[in-house]
Amino acid sequence: MKRELIAYKDPKSPVSEIFRTLRTNIQFMNTNKKLKTLLVTSTLPGEGKSWVASNLAVAFAQADNRVILIDADMRKGRLYNIFGVLPRPGLSNYLSGVSERNQEQSNLINFLRETEIPNLYVMPAGNIPPNPSELLITPQMVDLLEDLKEECDLIIIDGTPSKLVTDAVILSRIVDSTIVVTAHNQTKKDDLEKVVKDIKNVGGNIAGIVYNKVPVSAKKYNETYYYSSIPQKVQMNSKFDYENEERREIQKKRATDMLARDKNRIEEDLPRVIRSQQREEQINSNKTREEKTADVLKEYNEYLKYEKNMRNRKG
Ligand SMILES: Nc1ncnc2c1ncn2[C@@H]1O[C@H](COP(=O)(O)OP(=O)(O)OP(=O)(O)O)[C@@H](O)[C@H]1O
Ligand SMILES: [Mg+2]
């Protein structure tokens, strides 16, 4: 298993502690309805979706939750590599062949991998299918989540970047909540606004935004940590930047309050820009929620058409 699985490799590290805080926030978020499916997305590639999804899954498993981590990035999913498990068969194989297989072959167990971490199972992405987006909107995907829910306490889905492909936006409708990972100095404000808007417009529920890759002061940082090997010192938040405990606590709270405990808090925790934009929208927009959903779906259908054309061209 990879070193980037820091919550497992080094449970005492500050980063692991942050993942435990994130876990606690998520646990206490939906008080009336237990959260069972959580999607992780971001605006563009490389912002840390797989890293956050994997370590968060470890944090949940360490707290005695049975966790299934699904790699829904069927184009270039690498969860199998992070956890050191067989890449195939996986999600794409399940979704594309589920109707044709006989009972025995379609047994879900064949698509799940046990990991070194007790309570944590991974469903790898599987073979790269020609039509990943189409597979994700099949009723089989909904059925799969329903079936897996019976087997575990929490399903975490590592998704695709929502600005590039609409997979995650569409998945956001069928999961309980969605986390959007943003990366310091990388994620564009406009992109984040658009992704959050799209998810909300299709009726998705946003749990919160994770601010990833915030630089830390190199001096105070123990060189053995995983990310010290990359040139720019990066970390989930800037916990090590402060001198005294009090400031440290405030900073930590700010950085780890990415997920709110209830609906009101969620609204407050979203970056101010998004809130003011939403207010503006409420005032300016004559469009109903249905019309907004139709807009996103139109965009999605256009994308599917594009994917189909590309496939026909290739095939
Ligand atoms: N906080 C962090 N500190 C150090 N490295 C990080 C951090 N978050 C992510 N990385 C590294 O950045 C790279 C990209 O992260 P990751 O693969 O999780 O991104 P992603 O959003 O899943 O990308 P993709 O859209 O390509 O799947 C990886 O090498 C990962 O280990
Ligand atoms: Mg990824």
# chains A, B, ... in the order shown; residues from 1 in each chain; ligands from 1
$ residues_near_ligand --ligand "ligand 1" --cutoff "7 Å" --atoms "only C-alpha atoms and all ligand atoms" --output "tab-separated table (two decimals) with N, CA and C atoms, in the first residue's frame"
chain	number	residue	atom	x	y	z
A	4	GLU	N	0.96	7.36	0.66
A	4	GLU	CA	-0.01	8.45	0.78
A	4	GLU	C	-1.23	8.08	1.63
A	42	SER	N	-14.22	17.24	-7.21
A	42	SER	CA	-13.49	18.51	-7.18
A	42	SER	C	-13.76	19.18	-8.52
A	44	LEU	N	-11.24	20.21	-10.95
A	44	LEU	CA	-10.33	19.71	-11.99
A	44	LEU	C	-9.48	18.56	-11.44
A	45	PRO	N	-8.73	17.87	-12.31
A	45	PRO	CA	-7.91	16.76	-11.83
A	45	PRO	C	-6.81	17.22	-10.87
A	46	GLY	N	-6.39	16.31	-10.03
A	46	GLY	CA	-5.21	16.55	-9.21
A	46	GLY	C	-5.39	17.38	-7.96
A	47	GLU	N	-6.63	17.66	-7.59
A	47	GLU	CA	-6.83	18.50	-6.41
A	47	GLU	C	-6.82	17.68	-5.11
A	48	GLY	N	-6.88	16.36	-5.25
A	48	GLY	CA	-6.76	15.51	-4.06
A	48	GLY	C	-7.97	14.67	-3.72
A	49	LYS	N	-8.85	14.45	-4.68
A	49	LYS	CA	-10.04	13.65	-4.41
A	49	LYS	C	-9.70	12.26	-3.89
A	50	SER	N	-8.82	11.57	-4.64
A	50	SER	CA	-8.51	10.18	-4.28
A	50	SER	C	-7.78	10.12	-2.95
A	51	TRP	N	-6.94	11.09	-2.72
A	51	TRP	CA	-6.19	11.14	-1.47
A	51	TRP	C	-7.14	11.37	-0.29
A	52	VAL	N	-8.04	12.32	-0.44
A	52	VAL	CA	-8.99	12.61	0.64
A	52	VAL	C	-9.94	11.43	0.83
A	73	ASP	N	-14.02	6.69	-10.79
A	73	ASP	CA	-13.29	7.34	-11.88
A	73	ASP	C	-12.89	6.25	-12.86
A	76	LYS	N	-9.56	6.97	-15.19
A	76	LYS	CA	-8.19	6.78	-14.70
A	76	LYS	C	-8.11	6.57	-13.19
A	77	GLY	N	-9.07	5.80	-12.68
A	77	GLY	CA	-9.08	5.54	-11.25
A	77	GLY	C	-7.82	4.82	-10.79
A	160	THR	N	-15.07	11.85	-10.25
A	160	THR	CA	-14.29	12.52	-11.28
A	160	THR	C	-14.37	14.03	-11.06
A	161	PRO	N	-13.48	14.78	-11.73
A	161	PRO	CA	-13.56	16.24	-11.60
A	161	PRO	C	-14.81	16.79	-12.29
A	212	ASN	N	-7.59	21.72	0.55
A	212	ASN	CA	-6.46	20.79	0.55
A	212	ASN	C	-5.18	21.51	0.12
A	213	LYS	N	-4.05	20.90	0.45
A	213	LYS	CA	-2.75	21.37	-0.02
A	213	LYS	C	-2.39	22.78	0.42
A	227	TYR	N	4.29	13.95	2.56
A	227	TYR	CA	4.33	15.04	1.58
A	227	TYR	C	5.61	15.86	1.68
A	234	VAL	N	3.08	20.65	1.48
A	234	VAL	CA	1.64	20.79	1.45
A	234	VAL	C	0.97	19.94	2.52
A	235	GLN	N	-0.16	20.35	2.88
A	235	GLN	CA	-0.87	19.65	3.94
A	235	GLN	C	-2.34	19.99	3.84
A	236	MET	N	-3.17	19.21	4.52
A	236	MET	CA	-4.60	19.46	4.46
A	236	MET	C	-4.95	20.84	4.98
$ residues_around --residues "A:Thr41" --least-positions-apart "4" --cutoff "12 Å" --atoms "only C-alpha atoms" --output "short mmCIF file (atom, residue, chain, number, x, y, z; two decimals) with N, CA and C atoms, in the first residue's frame"
data_model
loop_
_atom_site.label_atom_id
_atom_site.label_comp_id
_atom_site.auth_asym_id
_atom_site.auth_seq_id
_atom_site.Cartn_x
_atom_site.Cartn_y
_atom_site.Cartn_z
N PRO A 45 -8.73 17.87 -12.31
CA PRO A 45 -7.91 16.76 -11.83
C PRO A 45 -6.81 17.22 -10.87
N GLY A 46 -6.39 16.31 -10.03
CA GLY A 46 -5.21 16.55 -9.21
C GLY A 46 -5.39 17.38 -7.96
N GLU A 47 -6.63 17.66 -7.59
CA GLU A 47 -6.83 18.50 -6.41
C GLU A 47 -6.82 17.68 -5.11
N GLY A 48 -6.88 16.36 -5.25
CA GLY A 48 -6.76 15.51 -4.06
C GLY A 48 -7.97 14.67 -3.72
N LYS A 49 -8.85 14.45 -4.68
CA LYS A 49 -10.04 13.65 -4.41
C LYS A 49 -9.70 12.26 -3.89
N SER A 50 -8.82 11.57 -4.64
CA SER A 50 -8.51 10.18 -4.28
C SER A 50 -7.78 10.12 -2.95
N TRP A 51 -6.94 11.09 -2.72
CA TRP A 51 -6.19 11.14 -1.47
C TRP A 51 -7.14 11.37 -0.29
N VAL A 52 -8.04 12.32 -0.44
CA VAL A 52 -8.99 12.61 0.64
C VAL A 52 -9.94 11.43 0.83
N ALA A 53 -10.47 10.90 -0.28
CA ALA A 53 -11.43 9.79 -0.18
C ALA A 53 -10.79 8.59 0.51
N ASP A 71 -14.28 3.26 -6.48
CA ASP A 71 -13.56 4.11 -7.43
C ASP A 71 -14.46 4.36 -8.63
N ALA A 72 -15.10 5.53 -8.65
CA ALA A 72 -16.02 5.84 -9.75
C ALA A 72 -15.34 6.65 -10.85
N ASP A 73 -14.02 6.69 -10.79
CA ASP A 73 -13.29 7.34 -11.88
C ASP A 73 -12.89 6.25 -12.86
N ILE A 156 -18.10 5.36 0.45
CA ILE A 156 -17.46 6.60 -0.02
C ILE A 156 -17.14 6.41 -1.50
N ILE A 157 -17.53 7.38 -2.31
CA ILE A 157 -17.30 7.26 -3.75
C ILE A 157 -16.27 8.30 -4.20
N ASP A 158 -15.17 7.79 -4.76
CA ASP A 158 -14.14 8.68 -5.29
C ASP A 158 -14.54 9.01 -6.72
N GLY A 159 -14.88 10.26 -6.95
CA GLY A 159 -15.46 10.63 -8.24
C GLY A 159 -14.49 11.28 -9.20
N THR A 160 -15.07 11.85 -10.25
CA THR A 160 -14.29 12.52 -11.28
C THR A 160 -14.37 14.03 -11.06
N PRO A 161 -13.48 14.78 -11.73
CA PRO A 161 -13.56 16.24 -11.60
C PRO A 161 -14.81 16.79 -12.29
N SER A 162 -15.62 17.51 -11.55
CA SER A 162 -16.94 17.90 -12.06
C SER A 162 -16.91 18.95 -13.15
N LYS A 163 -15.80 19.64 -13.28
CA LYS A 163 -15.79 20.65 -14.34
C LYS A 163 -15.50 20.01 -15.70
N LEU A 164 -14.82 18.90 -15.67
CA LEU A 164 -14.46 18.25 -16.93
C LEU A 164 -15.54 17.31 -17.44
N VAL A 165 -16.04 16.48 -16.55
CA VAL A 165 -17.10 15.56 -16.94
C VAL A 165 -18.20 15.65 -15.90
N THR A 166 -19.42 15.38 -16.33
CA THR A 166 -20.55 15.60 -15.44
C THR A 166 -20.91 14.38 -14.60
N ASP A 167 -20.07 13.34 -14.64
CA ASP A 167 -20.35 12.12 -13.87
C ASP A 167 -20.71 12.42 -12.42
N ALA A 168 -19.84 13.20 -11.78
CA ALA A 168 -20.01 13.42 -10.35
C ALA A 168 -21.26 14.25 -10.06
N VAL A 169 -21.55 15.19 -10.96
CA VAL A 169 -22.76 16.00 -10.75
C VAL A 169 -23.98 15.09 -10.75
N ILE A 170 -23.98 14.17 -11.69
CA ILE A 170 -25.12 13.25 -11.78
C ILE A 170 -25.14 12.30 -10.58
N LEU A 171 -23.95 11.82 -10.18
CA LEU A 171 -23.90 10.94 -9.00
C LEU A 171 -24.38 11.66 -7.74
N SER A 172 -24.15 12.97 -7.71
CA SER A 172 -24.51 13.72 -6.49
C SER A 172 -26.00 13.61 -6.20
N SER A 177 -24.73 12.77 0.39
CA SER A 177 -24.03 14.05 0.47
C SER A 177 -22.75 14.03 -0.37
N THR A 178 -22.26 15.22 -0.67
CA THR A 178 -21.07 15.35 -1.52
C THR A 178 -20.06 16.30 -0.89
N ILE A 179 -18.78 15.92 -0.98
CA ILE A 179 -17.69 16.80 -0.55
C ILE A 179 -16.98 17.30 -1.79
N VAL A 180 -16.68 18.59 -1.84
CA VAL A 180 -15.91 19.13 -2.96
C VAL A 180 -14.50 19.46 -2.44
N VAL A 181 -13.50 18.80 -3.03
CA VAL A 181 -12.11 19.06 -2.61
C VAL A 181 -11.56 20.21 -3.45
N THR A 182 -10.98 21.19 -2.76
CA THR A 182 -10.33 22.28 -3.48
C THR A 182 -8.87 22.29 -3.08
N ALA A 183 -8.00 22.75 -3.96
CA ALA A 183 -6.58 22.78 -3.62
C ALA A 183 -6.07 24.21 -3.61
N LEU A 192 -15.19 26.53 -8.82
CA LEU A 192 -15.82 26.01 -7.62
C LEU A 192 -17.29 26.45 -7.56
N VAL A 195 -19.33 24.36 -10.01
CA VAL A 195 -19.55 22.98 -9.59
C VAL A 195 -20.58 22.91 -8.46
N VAL A 196 -20.44 23.81 -7.48
CA VAL A 196 -21.39 23.82 -6.38
C VAL A 196 -22.80 24.12 -6.90
N ILE A 199 -24.26 21.06 -8.76
CA ILE A 199 -24.68 20.00 -7.85
C ILE A 199 -25.99 20.38 -7.17
N ILE A 206 -24.66 19.32 -0.61
CA ILE A 206 -23.22 19.50 -0.40
C ILE A 206 -22.90 19.48 1.10
N ALA A 207 -22.03 18.53 1.48
CA ALA A 207 -21.65 18.44 2.89
C ALA A 207 -20.67 19.54 3.23
N GLY A 208 -19.81 19.86 2.32
CA GLY A 208 -18.84 20.91 2.60
C GLY A 208 -17.70 20.90 1.60
N ILE A 209 -16.80 21.85 1.82
CA ILE A 209 -15.65 22.00 0.93
C ILE A 209 -14.40 21.64 1.74
N VAL A 210 -13.53 20.83 1.18
CA VAL A 210 -12.26 20.54 1.83
C VAL A 210 -11.18 21.41 1.20
#
$ atom_distance --atom1 "atom CA of A:Lys2" --atom2 "atom CA of A:Cys152"
24.2 Å
$ closest_residue --among "A:Gly203, A:Pro124, A:Pro139, A:Gly97" --to "ligand 2" --atoms "only C-alpha atoms and all ligand atoms"
A:Pro124
$ atom_distance --atom1 "atom CA of A:Lys200" --atom2 "atom CA of A:Met29"
17.7 Å
$ closest_residue --among "A:Pro130, A:Pro89, A:Val58, A:Lys149" --to "A:Asn110" --atoms "only C-alpha atoms"
A:Pro89
$ select_by_dssp --residues "stretch 27-171 of chain A" --states "strand (DSSP E)" --output "PyMOL selection string"
chain A and resi 37-42+67-71+113-114+120-123+154-161
$ residues_around --residues "A:Ala294" --least-positions-apart "6" --cutoff "12 Å" --atoms "only C-alpha atoms" --output "list in words"
Asp198, Asn201, Val202, Gly203, Lys287, Thr288, Tyr300 and Asn301 of chain A
$ closest_residue --among "A:Glu17, A:Glu146, A:Glu307, A:Glu193" --to "A:Asp176" --atoms "only C-alpha atoms"
A:Glu146
$ atom_distance --atom1 "atom CA of A:Ile109" --atom2 "atom CA of A:Ser96"
16.4 Å
$ decode --residues "stretch 107-215 of chain A" --atoms "C-alpha atoms" --output "PDB file, in the first residue's frame"
ATOM      1  CA  ASN A 107     -22.130 -11.793  -6.900  1.00  0.00           C
ATOM      2  CA  LEU A 108     -21.012  -8.464  -5.531  1.00  0.00           C
ATOM      3  CA  ILE A 109     -18.264 -10.063  -3.491  1.00  0.00           C
ATOM      4  CA  ASN A 110     -16.310 -10.636  -6.704  1.00  0.00           C
ATOM      5  CA  PHE A 111     -16.073  -6.917  -7.285  1.00  0.00           C
ATOM      6  CA  LEU A 112     -14.941  -5.963  -3.807  1.00  0.00           C
ATOM      7  CA  ARG A 113     -11.407  -6.263  -2.468  1.00  0.00           C
ATOM      8  CA  GLU A 114     -10.430  -6.734   1.086  1.00  0.00           C
ATOM      9  CA  THR A 115      -7.628  -4.414   2.131  1.00  0.00           C
ATOM     10  CA  GLU A 116      -4.955  -4.596   4.809  1.00  0.00           C
ATOM     11  CA  ILE A 117      -7.165  -2.295   6.830  1.00  0.00           C
ATOM     12  CA  PRO A 118      -9.830  -4.129   8.788  1.00  0.00           C
ATOM     13  CA  ASN A 119     -13.383  -3.041   7.872  1.00  0.00           C
ATOM     14  CA  LEU A 120     -12.278  -1.355   4.659  1.00  0.00           C
ATOM     15  CA  TYR A 121     -13.232  -2.760   1.251  1.00  0.00           C
ATOM     16  CA  VAL A 122     -12.406  -1.250  -2.113  1.00  0.00           C
ATOM     17  CA  MET A 123     -14.315  -1.570  -5.361  1.00  0.00           C
ATOM     18  CA  PRO A 124     -11.765  -0.646  -8.028  1.00  0.00           C
ATOM     19  CA  ALA A 125     -12.795   1.155 -11.213  1.00  0.00           C
ATOM     20  CA  GLY A 126     -12.251  -1.909 -13.418  1.00  0.00           C
ATOM     21  CA  ASN A 127     -11.501  -1.894 -17.148  1.00  0.00           C
ATOM     22  CA  ILE A 128     -11.796   1.474 -18.851  1.00  0.00           C
ATOM     23  CA  PRO A 129     -15.199   1.354 -20.529  1.00  0.00           C
ATOM     24  CA  PRO A 130     -16.004   3.303 -23.704  1.00  0.00           C
ATOM     25  CA  ASN A 131     -18.930   5.004 -22.004  1.00  0.00           C
ATOM     26  CA  PRO A 132     -18.170   5.764 -18.347  1.00  0.00           C
ATOM     27  CA  SER A 133     -20.748   8.534 -17.990  1.00  0.00           C
ATOM     28  CA  GLU A 134     -23.513   6.398 -19.419  1.00  0.00           C
ATOM     29  CA  LEU A 135     -22.726   3.555 -17.031  1.00  0.00           C
ATOM     30  CA  LEU A 136     -23.062   5.852 -14.048  1.00  0.00           C
ATOM     31  CA  ILE A 137     -26.581   6.939 -14.933  1.00  0.00           C
ATOM     32  CA  THR A 138     -27.901   3.426 -15.355  1.00  0.00           C
ATOM     33  CA  PRO A 139     -30.424   2.142 -12.827  1.00  0.00           C
ATOM     34  CA  GLN A 140     -27.810  -0.506 -12.004  1.00  0.00           C
ATOM     35  CA  MET A 141     -25.742   2.167 -10.299  1.00  0.00           C
ATOM     36  CA  VAL A 142     -28.625   3.046  -7.990  1.00  0.00           C
ATOM     37  CA  ASP A 143     -29.263  -0.654  -7.357  1.00  0.00           C
ATOM     38  CA  LEU A 144     -25.585  -1.225  -6.655  1.00  0.00           C
ATOM     39  CA  LEU A 145     -25.553   1.462  -3.962  1.00  0.00           C
ATOM     40  CA  GLU A 146     -28.719   0.046  -2.443  1.00  0.00           C
ATOM     41  CA  ASP A 147     -27.218  -3.439  -2.349  1.00  0.00           C
ATOM     42  CA  LEU A 148     -23.910  -2.257  -0.921  1.00  0.00           C
ATOM     43  CA  LYS A 149     -25.668  -0.204   1.747  1.00  0.00           C
ATOM     44  CA  GLU A 150     -26.934  -3.471   3.162  1.00  0.00           C
ATOM     45  CA  GLU A 151     -23.361  -4.665   3.548  1.00  0.00           C
ATOM     46  CA  CYS A 152     -21.734  -1.682   5.226  1.00  0.00           C
ATOM     47  CA  ASP A 153     -22.071   1.418   7.370  1.00  0.00           C
ATOM     48  CA  LEU A 154     -20.725   3.882   4.853  1.00  0.00           C
ATOM     49  CA  ILE A 155     -20.004   4.028   1.128  1.00  0.00           C
ATOM     50  CA  ILE A 156     -17.461   6.596  -0.020  1.00  0.00           C
ATOM     51  CA  ILE A 157     -17.299   7.263  -3.753  1.00  0.00           C
ATOM     52  CA  ASP A 158     -14.139   8.680  -5.293  1.00  0.00           C
ATOM     53  CA  GLY A 159     -15.462  10.629  -8.235  1.00  0.00           C
ATOM     54  CA  THR A 160     -14.285  12.523 -11.283  1.00  0.00           C
ATOM     55  CA  PRO A 161     -13.559  16.238 -11.601  1.00  0.00           C
ATOM     56  CA  SER A 162     -16.940  17.898 -12.063  1.00  0.00           C
ATOM     57  CA  LYS A 163     -15.788  20.650 -14.337  1.00  0.00           C
ATOM     58  CA  LEU A 164     -14.460  18.246 -16.928  1.00  0.00           C
ATOM     59  CA  VAL A 165     -17.104  15.563 -16.937  1.00  0.00           C
ATOM     60  CA  THR A 166     -20.552  15.600 -15.442  1.00  0.00           C
ATOM     61  CA  ASP A 167     -20.345  12.116 -13.868  1.00  0.00           C
ATOM     62  CA  ALA A 168     -20.013  13.417 -10.346  1.00  0.00           C
ATOM     63  CA  VAL A 169     -22.758  16.002 -10.751  1.00  0.00           C
ATOM     64  CA  ILE A 170     -25.115  13.250 -11.781  1.00  0.00           C
ATOM     65  CA  LEU A 171     -23.904  10.936  -9.000  1.00  0.00           C
ATOM     66  CA  SER A 172     -24.509  13.721  -6.491  1.00  0.00           C
ATOM     67  CA  ARG A 173     -28.228  13.158  -6.997  1.00  0.00           C
ATOM     68  CA  ILE A 174     -28.144   9.591  -5.815  1.00  0.00           C
ATOM     69  CA  VAL A 175     -25.843   9.961  -2.814  1.00  0.00           C
ATOM     70  CA  ASP A 176     -26.696  11.386   0.588  1.00  0.00           C
ATOM     71  CA  SER A 177     -24.032  14.054   0.466  1.00  0.00           C
ATOM     72  CA  THR A 178     -21.074  15.347  -1.520  1.00  0.00           C
ATOM     73  CA  ILE A 179     -17.695  16.796  -0.549  1.00  0.00           C
ATOM     74  CA  VAL A 180     -15.907  19.126  -2.960  1.00  0.00           C
ATOM     75  CA  VAL A 181     -12.114  19.063  -2.614  1.00  0.00           C
ATOM     76  CA  THR A 182     -10.326  22.281  -3.481  1.00  0.00           C
ATOM     77  CA  ALA A 183      -6.578  22.784  -3.620  1.00  0.00           C
ATOM     78  CA  HIS A 184      -4.704  25.814  -2.404  1.00  0.00           C
ATOM     79  CA  ASN A 185      -3.447  28.000  -5.268  1.00  0.00           C
ATOM     80  CA  GLN A 186      -4.938  25.601  -7.743  1.00  0.00           C
ATOM     81  CA  THR A 187      -8.731  25.656  -7.656  1.00  0.00           C
ATOM     82  CA  LYS A 188     -10.348  28.593  -9.413  1.00  0.00           C
ATOM     83  CA  LYS A 189     -13.120  30.431  -7.620  1.00  0.00           C
ATOM     84  CA  ASP A 190     -15.341  30.477 -10.699  1.00  0.00           C
ATOM     85  CA  ASP A 191     -14.908  26.743 -11.212  1.00  0.00           C
ATOM     86  CA  LEU A 192     -15.824  26.013  -7.617  1.00  0.00           C
ATOM     87  CA  GLU A 193     -18.895  28.230  -7.856  1.00  0.00           C
ATOM     88  CA  LYS A 194     -20.011  26.462 -11.005  1.00  0.00           C
ATOM     89  CA  VAL A 195     -19.549  22.979  -9.592  1.00  0.00           C
ATOM     90  CA  VAL A 196     -21.392  23.817  -6.376  1.00  0.00           C
ATOM     91  CA  LYS A 197     -24.171  25.429  -8.391  1.00  0.00           C
ATOM     92  CA  ASP A 198     -24.499  22.454 -10.729  1.00  0.00           C
ATOM     93  CA  ILE A 199     -24.682  20.005  -7.848  1.00  0.00           C
ATOM     94  CA  LYS A 200     -27.305  22.061  -6.066  1.00  0.00           C
ATOM     95  CA  ASN A 201     -29.290  22.562  -9.243  1.00  0.00           C
ATOM     96  CA  VAL A 202     -29.698  18.839  -9.781  1.00  0.00           C
ATOM     97  CA  GLY A 203     -30.849  18.455  -6.187  1.00  0.00           C
ATOM     98  CA  GLY A 204     -27.543  17.251  -4.731  1.00  0.00           C
ATOM     99  CA  ASN A 205     -26.625  17.977  -1.145  1.00  0.00           C
ATOM    100  CA  ILE A 206     -23.218  19.505  -0.395  1.00  0.00           C
ATOM    101  CA  ALA A 207     -21.654  18.437   2.889  1.00  0.00           C
ATOM    102  CA  GLY A 208     -18.842  20.909   2.597  1.00  0.00           C
ATOM    103  CA  ILE A 209     -15.649  22.003   0.933  1.00  0.00           C
ATOM    104  CA  VAL A 210     -12.261  20.540   1.834  1.00  0.00           C
ATOM    105  CA  TYR A 211      -9.373  22.947   1.528  1.00  0.00           C
ATOM    106  CA  ASN A 212      -6.458  20.794   0.552  1.00  0.00           C
ATOM    107  CA  LYS A 213      -2.753  21.371  -0.023  1.00  0.00           C
ATOM    108  CA  VAL A 214      -2.400  24.477   2.103  1.00  0.00           C
ATOM    109  CA  PRO A 215       1.334  25.076   2.587  1.00  0.00           C
TER     110      PRO A 215
END
